[in-house]
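Accompanying notes for the structure given below.
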Amino acid sequence: MAGLLPSQGLLGRAKINGCSSGGFAAAASIYLSSGPPGDVDAWSRTTVVVPAYQERSRLPRLLTALRPLPFARLVLVDDGSTDGTWGAAAPLLRRGDVALRLADNRGKAVALWEGLRHVETPWVVFLDADLDGVTREHVEALCRPVWSARCHMSVAVLAEAHPWLRAFRYWGGILSGQRCLPTALARRALSCLRDWGYGLEIGLTRFARRAGWSVRYVLWPGVRHHSKFLKHGPVRGLLIYLWSFVQFAWASWRDFEEG
């Protein structure tokens, strides 16, 4: 069963190098203090955005798990896949869902930004396409702290992550792509992070600190990612891991710029 990890106190208002976080932090405090109306189903006011790249054999598992969930809409963004991801996903989408197909691979941050254009609900959930084992209980546990206005952003930490991430669960949270937050805050953050590539998650965490968001981490037991070695083979998988770490390092110290 998913469960809350201790919330993390974040820094207060700050200037984010071109991104005016002063008024933004004030807006965030409004979201935190005003919880969802008691007579409104929070599920129906939440959209799920899933970016996917070369996930033909893995994406159907996630979409099948998400189909019964009563969220408003799923927005799938195929980030220039060439392996048949688009065709594998199409039959699993529900009526009212949105599927976008980018002409070429532009990176996760751009894919999420494009997906946000089709979000009309107050809350949005970002999920990676290669997740296995996701249930309604996992998604609800991730969303509830945001729905109830206990934090600005919630982040899922996979309990079944690789050993090095289990040993450093803090980093598992920082690097997690599973997040729930108000749509307005997501748009504000992504406007500054559209070119961050694999460093997007670190960018979101840093942006949250600098903008004064409160963040909660939610443990997701039984959910796992497929390793890049299984996806791409040992040689290409290793190269992708090394490149991602380069981008992680770059994202750890680069400045934010207005998008």
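Identifiers for the structure tokens are assigned positionally: chains receive A, B, ... in sequence, residues are indexed from 1 per chain, and ligands are indexed from 1 in the order shown.
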| task | Please provide the set of residues having any atom within 12 Å of Ala90 of chain A, restricted to only C-alpha atoms, with same-chain residues fewer than 5 positions apart removed, written as a list in words. | result |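 What passes the distance filter is Arg56, Leu59, Pro60, Leu63, Thr64, Leu74, Val75, Leu76, Val77, Asp78, Gly84, Thr85, Arg95, Asp97, Val98, Ala99, Leu100 and Arg101 of chain A.
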Mind dumping the selected residues with C-alpha atoms as a PDB file, in the first residue's frame?
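As a result, again-v1.pdb now contains:
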```pdb
ATOM      1  CA  ARG A  56       5.682  -0.025 -27.506  1.00  0.00           C
ATOM      2  CA  LEU A  59       3.191   1.509 -22.351  1.00  0.00           C
ATOM      3  CA  PRO A  60       0.155  -0.807 -22.783  1.00  0.00           C
ATOM      4  CA  LEU A  63      -2.587   2.390 -19.987  1.00  0.00           C
ATOM      5  CA  THR A  64      -4.452  -0.798 -19.093  1.00  0.00           C
ATOM      6  CA  LEU A  74      -5.427  11.102 -20.098  1.00  0.00           C
ATOM      7  CA  VAL A  75      -3.071  13.004 -22.369  1.00  0.00           C
ATOM      8  CA  LEU A  76      -0.522  10.770 -24.099  1.00  0.00           C
ATOM      9  CA  VAL A  77       2.438  12.420 -25.808  1.00  0.00           C
ATOM     10  CA  ASP A  78       4.398  10.187 -28.185  1.00  0.00           C
ATOM     11  CA  GLY A  84       5.279   1.458 -32.973  1.00  0.00           C
ATOM     12  CA  THR A  85       4.452   3.078 -29.622  1.00  0.00           C
ATOM     13  CA  ARG A  95     -13.136   8.285 -25.293  1.00  0.00           C
ATOM     14  CA  ASP A  97      -8.491  11.095 -24.018  1.00  0.00           C
ATOM     15  CA  VAL A  98      -5.944  13.019 -26.083  1.00  0.00           C
ATOM     16  CA  ALA A  99      -3.036  11.511 -28.016  1.00  0.00           C
ATOM     17  CA  LEU A 100      -0.308  13.777 -29.388  1.00  0.00           C
ATOM     18  CA  ARG A 101       2.419  12.630 -31.746  1.00  0.00           C
TER      19      ARG A 101
END
```
At a cut-off of 8 Å, can you tabulate as a tab-separated table every residue of segment 80-174 of chain A near segment 48-55 of chain A together with its closest atom pair and the distance in Å to one decimal, using only C-alpha atoms and ordering rows by chain then number?
```
residue	atom	partner	partner_atom	distance
A:Gly80	CA	A:Tyr53	CA	6.6
A:Ser81	CA	A:Gln54	CA	4.9
A:Thr82	CA	A:Gln54	CA	6.6
A:Asp83	CA	A:Gln54	CA	5.6
A:Gly84	CA	A:Gln54	CA	7.6
A:Thr85	CA	A:Glu55	CA	5.5
A:Asn105	CA	A:Tyr53	CA	7.6
A:Lys108	CA	A:Pro51	CA	6.5
A:Ala111	CA	A:Pro51	CA	5.8
A:Leu112	CA	A:Pro51	CA	6.3
A:Gly115	CA	A:Val49	CA	6.3
A:Leu116	CA	A:Val49	CA	7.5
A:Val124	CA	A:Val48	CA	5.8
A:Val125	CA	A:Val48	CA	4.7
A:Phe126	CA	A:Val49	CA	5.1
A:Leu127	CA	A:Val50	CA	5.2
A:Asp128	CA	A:Val50	CA	5.9
A:Ala129	CA	A:Ala52	CA	5.4
A:Asp130	CA	A:Glu55	CA	6.8
```
Write out as a PDB file with N, CA and C atoms, in the first residue's frame all residues of segment 80-208 of chain A that DSSP puts in helix (DSSP H, G or I) for this structure's backbone.
```pdb
ATOM      1  N   THR A  85       5.113   2.664 -30.862  1.00  0.00           N
ATOM      2  CA  THR A  85       4.452   3.078 -29.622  1.00  0.00           C
ATOM      3  C   THR A  85       3.059   3.631 -29.898  1.00  0.00           C
ATOM      4  N   TRP A  86       2.938   4.455 -30.932  1.00  0.00           N
ATOM      5  CA  TRP A  86       1.664   5.097 -31.256  1.00  0.00           C
ATOM      6  C   TRP A  86       0.582   4.059 -31.541  1.00  0.00           C
ATOM      7  N   GLY A  87       0.891   3.097 -32.362  1.00  0.00           N
ATOM      8  CA  GLY A  87      -0.091   2.088 -32.716  1.00  0.00           C
ATOM      9  C   GLY A  87      -0.468   1.191 -31.556  1.00  0.00           C
ATOM     10  N   ALA A  88       0.490   0.918 -30.668  1.00  0.00           N
ATOM     11  CA  ALA A  88       0.213   0.063 -29.513  1.00  0.00           C
ATOM     12  C   ALA A  88      -0.667   0.769 -28.497  1.00  0.00           C
ATOM     13  N   ALA A  89      -0.558   2.096 -28.417  1.00  0.00           N
ATOM     14  CA  ALA A  89      -1.294   2.850 -27.401  1.00  0.00           C
ATOM     15  C   ALA A  89      -2.718   3.189 -27.824  1.00  0.00           C
ATOM     16  N   ALA A  90      -2.913   3.448 -29.104  1.00  0.00           N
ATOM     17  CA  ALA A  90      -4.201   3.970 -29.583  1.00  0.00           C
ATOM     18  C   ALA A  90      -5.412   3.141 -29.145  1.00  0.00           C
ATOM     19  N   PRO A  91      -5.388   1.800 -29.241  1.00  0.00           N
ATOM     20  CA  PRO A  91      -6.585   1.038 -28.867  1.00  0.00           C
ATOM     21  C   PRO A  91      -6.904   1.081 -27.378  1.00  0.00           C
ATOM     22  N   LEU A  92      -5.966   1.533 -26.555  1.00  0.00           N
ATOM     23  CA  LEU A  92      -6.144   1.502 -25.105  1.00  0.00           C
ATOM     24  C   LEU A  92      -6.596   2.835 -24.537  1.00  0.00           C
ATOM     25  N   LYS A 108      11.717  14.852 -22.719  1.00  0.00           N
ATOM     26  CA  LYS A 108      10.596  14.706 -21.803  1.00  0.00           C
ATOM     27  C   LYS A 108       9.974  16.037 -21.410  1.00  0.00           C
ATOM     28  N   ALA A 109      10.795  17.047 -21.159  1.00  0.00           N
ATOM     29  CA  ALA A 109      10.261  18.331 -20.715  1.00  0.00           C
ATOM     30  C   ALA A 109       9.365  18.949 -21.786  1.00  0.00           C
ATOM     31  N   VAL A 110       9.790  18.885 -23.039  1.00  0.00           N
ATOM     32  CA  VAL A 110       8.971  19.413 -24.131  1.00  0.00           C
ATOM     33  C   VAL A 110       7.687  18.612 -24.263  1.00  0.00           C
ATOM     34  N   ALA A 111       7.795  17.284 -24.135  1.00  0.00           N
ATOM     35  CA  ALA A 111       6.606  16.430 -24.239  1.00  0.00           C
ATOM     36  C   ALA A 111       5.577  16.795 -23.175  1.00  0.00           C
ATOM     37  N   LEU A 112       6.032  17.009 -21.936  1.00  0.00           N
ATOM     38  CA  LEU A 112       5.107  17.385 -20.871  1.00  0.00           C
ATOM     39  C   LEU A 112       4.509  18.765 -21.132  1.00  0.00           C
ATOM     40  N   TRP A 113       5.322  19.672 -21.621  1.00  0.00           N
ATOM     41  CA  TRP A 113       4.823  21.016 -21.924  1.00  0.00           C
ATOM     42  C   TRP A 113       3.730  20.956 -22.985  1.00  0.00           C
ATOM     43  N   GLU A 114       3.951  20.150 -24.027  1.00  0.00           N
ATOM     44  CA  GLU A 114       2.931  20.007 -25.064  1.00  0.00           C
ATOM     45  C   GLU A 114       1.672  19.358 -24.489  1.00  0.00           C
ATOM     46  N   GLY A 115       1.862  18.384 -23.601  1.00  0.00           N
ATOM     47  CA  GLY A 115       0.709  17.750 -22.980  1.00  0.00           C
ATOM     48  C   GLY A 115      -0.101  18.690 -22.121  1.00  0.00           C
ATOM     49  N   LEU A 116       0.579  19.602 -21.437  1.00  0.00           N
ATOM     50  CA  LEU A 116      -0.109  20.557 -20.566  1.00  0.00           C
ATOM     51  C   LEU A 116      -1.056  21.465 -21.335  1.00  0.00           C
ATOM     52  N   ARG A 136      -4.949   1.913  -8.625  1.00  0.00           N
ATOM     53  CA  ARG A 136      -5.715   3.089  -8.216  1.00  0.00           C
ATOM     54  C   ARG A 136      -5.219   3.606  -6.871  1.00  0.00           C
ATOM     55  N   GLU A 137      -4.893   2.686  -5.959  1.00  0.00           N
ATOM     56  CA  GLU A 137      -4.428   3.088  -4.631  1.00  0.00           C
ATOM     57  C   GLU A 137      -3.135   3.896  -4.719  1.00  0.00           C
ATOM     58  N   HIS A 138      -2.240   3.515  -5.620  1.00  0.00           N
ATOM     59  CA  HIS A 138      -0.995   4.269  -5.781  1.00  0.00           C
ATOM     60  C   HIS A 138      -1.285   5.695  -6.239  1.00  0.00           C
ATOM     61  N   VAL A 139      -2.100   5.814  -7.296  1.00  0.00           N
ATOM     62  CA  VAL A 139      -2.369   7.146  -7.851  1.00  0.00           C
ATOM     63  C   VAL A 139      -3.116   8.012  -6.846  1.00  0.00           C
ATOM     64  N   GLU A 140      -4.074   7.420  -6.146  1.00  0.00           N
ATOM     65  CA  GLU A 140      -4.833   8.196  -5.163  1.00  0.00           C
ATOM     66  C   GLU A 140      -3.941   8.650  -4.017  1.00  0.00           C
ATOM     67  N   ALA A 141      -3.028   7.786  -3.581  1.00  0.00           N
ATOM     68  CA  ALA A 141      -2.109   8.176  -2.510  1.00  0.00           C
ATOM     69  C   ALA A 141      -1.207   9.325  -2.948  1.00  0.00           C
ATOM     70  N   LEU A 142      -0.829   9.328  -4.231  1.00  0.00           N
ATOM     71  CA  LEU A 142      -0.004  10.418  -4.748  1.00  0.00           C
ATOM     72  C   LEU A 142      -0.790  11.726  -4.796  1.00  0.00           C
ATOM     73  N   CYS A 143      -2.047  11.647  -5.220  1.00  0.00           N
ATOM     74  CA  CYS A 143      -2.835  12.860  -5.428  1.00  0.00           C
ATOM     75  C   CYS A 143      -3.420  13.447  -4.144  1.00  0.00           C
ATOM     76  N   ARG A 144      -3.746  12.604  -3.180  1.00  0.00           N
ATOM     77  CA  ARG A 144      -4.506  13.074  -2.037  1.00  0.00           C
ATOM     78  C   ARG A 144      -3.842  14.236  -1.281  1.00  0.00           C
ATOM     79  N   PRO A 145      -2.521  14.236  -1.054  1.00  0.00           N
ATOM     80  CA  PRO A 145      -1.935  15.387  -0.362  1.00  0.00           C
ATOM     81  C   PRO A 145      -2.131  16.705  -1.100  1.00  0.00           C
ATOM     82  N   VAL A 146      -2.180  16.645  -2.441  1.00  0.00           N
ATOM     83  CA  VAL A 146      -2.410  17.859  -3.231  1.00  0.00           C
ATOM     84  C   VAL A 146      -3.894  18.192  -3.256  1.00  0.00           C
ATOM     85  N   TRP A 147      -4.726  17.182  -3.446  1.00  0.00           N
ATOM     86  CA  TRP A 147      -6.176  17.411  -3.425  1.00  0.00           C
ATOM     87  C   TRP A 147      -6.629  18.062  -2.121  1.00  0.00           C
ATOM     88  N   PRO A 163      18.717  -1.049  -6.477  1.00  0.00           N
ATOM     89  CA  PRO A 163      19.326  -0.991  -5.145  1.00  0.00           C
ATOM     90  C   PRO A 163      19.974   0.341  -4.809  1.00  0.00           C
ATOM     91  N   TRP A 164      20.627   0.971  -5.803  1.00  0.00           N
ATOM     92  CA  TRP A 164      21.297   2.227  -5.488  1.00  0.00           C
ATOM     93  C   TRP A 164      20.296   3.335  -5.202  1.00  0.00           C
ATOM     94  N   LEU A 165      19.074   3.224  -5.782  1.00  0.00           N
ATOM     95  CA  LEU A 165      18.042   4.209  -5.453  1.00  0.00           C
ATOM     96  C   LEU A 165      17.381   3.885  -4.120  1.00  0.00           C
ATOM     97  N   ARG A 166      17.272   2.594  -3.785  1.00  0.00           N
ATOM     98  CA  ARG A 166      16.726   2.231  -2.478  1.00  0.00           C
ATOM     99  C   ARG A 166      17.669   2.702  -1.377  1.00  0.00           C
ATOM    100  N   ALA A 167      18.958   2.635  -1.638  1.00  0.00           N
ATOM    101  CA  ALA A 167      19.935   3.073  -0.643  1.00  0.00           C
ATOM    102  C   ALA A 167      19.891   4.582  -0.462  1.00  0.00           C
ATOM    103  N   ARG A 169      17.100   6.898  -1.002  1.00  0.00           N
ATOM    104  CA  ARG A 169      15.705   7.160  -1.327  1.00  0.00           C
ATOM    105  C   ARG A 169      15.462   8.642  -1.589  1.00  0.00           C
ATOM    106  N   TYR A 170      16.249   9.486  -0.959  1.00  0.00           N
ATOM    107  CA  TYR A 170      16.128  10.914  -1.218  1.00  0.00           C
ATOM    108  C   TYR A 170      16.311  11.199  -2.707  1.00  0.00           C
ATOM    109  N   TRP A 171      17.344  10.567  -3.308  1.00  0.00           N
ATOM    110  CA  TRP A 171      17.579  10.767  -4.732  1.00  0.00           C
ATOM    111  C   TRP A 171      16.495  10.116  -5.558  1.00  0.00           C
ATOM    112  N   GLY A 172      15.930   8.996  -5.049  1.00  0.00           N
ATOM    113  CA  GLY A 172      14.814   8.384  -5.743  1.00  0.00           C
ATOM    114  C   GLY A 172      13.654   9.340  -5.887  1.00  0.00           C
ATOM    115  N   GLY A 173      13.421  10.169  -4.859  1.00  0.00           N
ATOM    116  CA  GLY A 173      12.362  11.164  -4.932  1.00  0.00           C
ATOM    117  C   GLY A 173      12.707  12.296  -5.879  1.00  0.00           C
ATOM    118  N   ILE A 174      13.949  12.779  -5.809  1.00  0.00           N
ATOM    119  CA  ILE A 174      14.356  13.875  -6.671  1.00  0.00           C
ATOM    120  C   ILE A 174      14.246  13.489  -8.145  1.00  0.00           C
ATOM    121  N   THR A 183      -2.333  22.422 -11.865  1.00  0.00           N
ATOM    122  CA  THR A 183      -1.968  22.637 -13.266  1.00  0.00           C
ATOM    123  C   THR A 183      -1.309  23.990 -13.479  1.00  0.00           C
ATOM    124  N   ALA A 184      -1.796  25.019 -12.807  1.00  0.00           N
ATOM    125  CA  ALA A 184      -1.219  26.353 -12.972  1.00  0.00           C
ATOM    126  C   ALA A 184       0.242  26.383 -12.537  1.00  0.00           C
ATOM    127  N   LEU A 185       0.555  25.665 -11.468  1.00  0.00           N
ATOM    128  CA  LEU A 185       1.943  25.619 -11.010  1.00  0.00           C
ATOM    129  C   LEU A 185       2.799  24.799 -11.955  1.00  0.00           C
ATOM    130  N   ALA A 186       2.240  23.724 -12.494  1.00  0.00           N
ATOM    131  CA  ALA A 186       2.975  22.907 -13.456  1.00  0.00           C
ATOM    132  C   ALA A 186       3.332  23.721 -14.697  1.00  0.00           C
ATOM    133  N   ARG A 187       2.379  24.508 -15.179  1.00  0.00           N
ATOM    134  CA  ARG A 187       2.650  25.336 -16.365  1.00  0.00           C
ATOM    135  C   ARG A 187       3.730  26.368 -16.066  1.00  0.00           C
ATOM    136  N   ARG A 188       3.665  26.949 -14.875  1.00  0.00           N
ATOM    137  CA  ARG A 188       4.662  27.970 -14.528  1.00  0.00           C
ATOM    138  C   ARG A 188       6.054  27.356 -14.470  1.00  0.00           C
ATOM    139  N   ALA A 189       6.174  26.177 -13.886  1.00  0.00           N
ATOM    140  CA  ALA A 189       7.469  25.521 -13.787  1.00  0.00           C
ATOM    141  C   ALA A 189       7.981  25.077 -15.156  1.00  0.00           C
ATOM    142  N   LEU A 190       7.122  24.416 -15.935  1.00  0.00           N
ATOM    143  CA  LEU A 190       7.557  23.902 -17.240  1.00  0.00           C
ATOM    144  C   LEU A 190       7.917  25.015 -18.208  1.00  0.00           C
ATOM    145  N   SER A 191       7.347  26.207 -18.020  1.00  0.00           N
ATOM    146  CA  SER A 191       7.718  27.315 -18.898  1.00  0.00           C
ATOM    147  C   SER A 191       9.191  27.665 -18.748  1.00  0.00           C
ATOM    148  N   CYS A 192       9.776  27.311 -17.610  1.00  0.00           N
ATOM    149  CA  CYS A 192      11.190  27.578 -17.368  1.00  0.00           C
ATOM    150  C   CYS A 192      12.064  26.339 -17.552  1.00  0.00           C
ATOM    151  N   LEU A 193      11.460  25.180 -17.771  1.00  0.00           N
ATOM    152  CA  LEU A 193      12.211  23.921 -17.765  1.00  0.00           C
ATOM    153  C   LEU A 193      12.062  23.130 -19.062  1.00  0.00           C
ATOM    154  N   GLY A 197      15.540  18.315 -20.568  1.00  0.00           N
ATOM    155  CA  GLY A 197      15.774  16.923 -20.904  1.00  0.00           C
ATOM    156  C   GLY A 197      15.668  15.989 -19.720  1.00  0.00           C
ATOM    157  N   TYR A 198      16.695  15.104 -19.559  1.00  0.00           N
ATOM    158  CA  TYR A 198      16.704  14.160 -18.447  1.00  0.00           C
ATOM    159  C   TYR A 198      16.829  14.861 -17.095  1.00  0.00           C
ATOM    160  N   GLY A 199      17.181  16.132 -17.111  1.00  0.00           N
ATOM    161  CA  GLY A 199      17.313  16.865 -15.856  1.00  0.00           C
ATOM    162  C   GLY A 199      16.016  17.480 -15.372  1.00  0.00           C
ATOM    163  N   LEU A 200      14.898  17.163 -16.031  1.00  0.00           N
ATOM    164  CA  LEU A 200      13.627  17.795 -15.686  1.00  0.00           C
ATOM    165  C   LEU A 200      13.249  17.582 -14.236  1.00  0.00           C
ATOM    166  N   GLU A 201      13.360  16.341 -13.735  1.00  0.00           N
ATOM    167  CA  GLU A 201      12.941  16.060 -12.365  1.00  0.00           C
ATOM    168  C   GLU A 201      13.764  16.858 -11.352  1.00  0.00           C
ATOM    169  N   ILE A 202      15.078  16.923 -11.575  1.00  0.00           N
ATOM    170  CA  ILE A 202      15.915  17.753 -10.698  1.00  0.00           C
ATOM    171  C   ILE A 202      15.487  19.207 -10.818  1.00  0.00           C
ATOM    172  N   GLY A 203      15.185  19.639 -12.035  1.00  0.00           N
ATOM    173  CA  GLY A 203      14.732  21.012 -12.228  1.00  0.00           C
ATOM    174  C   GLY A 203      13.443  21.298 -11.479  1.00  0.00           C
ATOM    175  N   LEU A 204      12.490  20.372 -11.516  1.00  0.00           N
ATOM    176  CA  LEU A 204      11.234  20.574 -10.797  1.00  0.00           C
ATOM    177  C   LEU A 204      11.465  20.661  -9.295  1.00  0.00           C
ATOM    178  N   THR A 205      12.345  19.809  -8.786  1.00  0.00           N
ATOM    179  CA  THR A 205      12.633  19.831  -7.351  1.00  0.00           C
ATOM    180  C   THR A 205      13.296  21.140  -6.955  1.00  0.00           C
ATOM    181  N   ARG A 206      14.250  21.588  -7.755  1.00  0.00           N
ATOM    182  CA  ARG A 206      14.923  22.857  -7.453  1.00  0.00           C
ATOM    183  C   ARG A 206      13.959  24.033  -7.593  1.00  0.00           C
ATOM    184  N   PHE A 207      13.123  23.991  -8.615  1.00  0.00           N
ATOM    185  CA  PHE A 207      12.143  25.052  -8.816  1.00  0.00           C
ATOM    186  C   PHE A 207      11.197  25.138  -7.625  1.00  0.00           C
ATOM    187  N   ALA A 208      10.787  23.973  -7.120  1.00  0.00           N
ATOM    188  CA  ALA A 208       9.890  23.945  -5.962  1.00  0.00           C
ATOM    189  C   ALA A 208      10.545  24.607  -4.755  1.00  0.00           C
TER     190      ALA A 208
END
```
| Distance atom CA of Val223 of chain A-atom CA of Arg61 of chain A, one decimal place? |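 Computing it gives 11.9 Å between the two atoms.
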| field | Proximity to Arg224 of chain A - best of A:Arg94, A:Ser176, A:Phe71, A:Thr47, only C-alpha atoms | value |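 Among the listed residues, A:Ser176 lies closest to Arg224 of chain A.
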| said: Among segment 191-230 of chain A, which ones does DSSP assign to strand (DSSP E or B) (computed from the backbone)? Answer as number ranges by chain. | reply: A: 215-220, 224
| Contacts of Trp220 of chain A within 7 Å, only C-alpha atoms, excl. fewer than 3 positions in-chain, as a list in words |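 Near neighbours after the sequence-gap exclusion: Ala2, His138, Ala156, Val157, Leu158, Ala159 and Val223 of chain A.
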| field | Residues near Pro122 of chain A, cut-off 7 Å, only C-alpha atoms, skip fewer than 5 positions along chain, as a list of chain:residue names | value | A:Arg45, A:Thr46, A:Pro182, A:Thr183
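Between atom CA of Arg216 of chain A and atom CA of Ser154 of chain A there is a distance of 4.7 Å.
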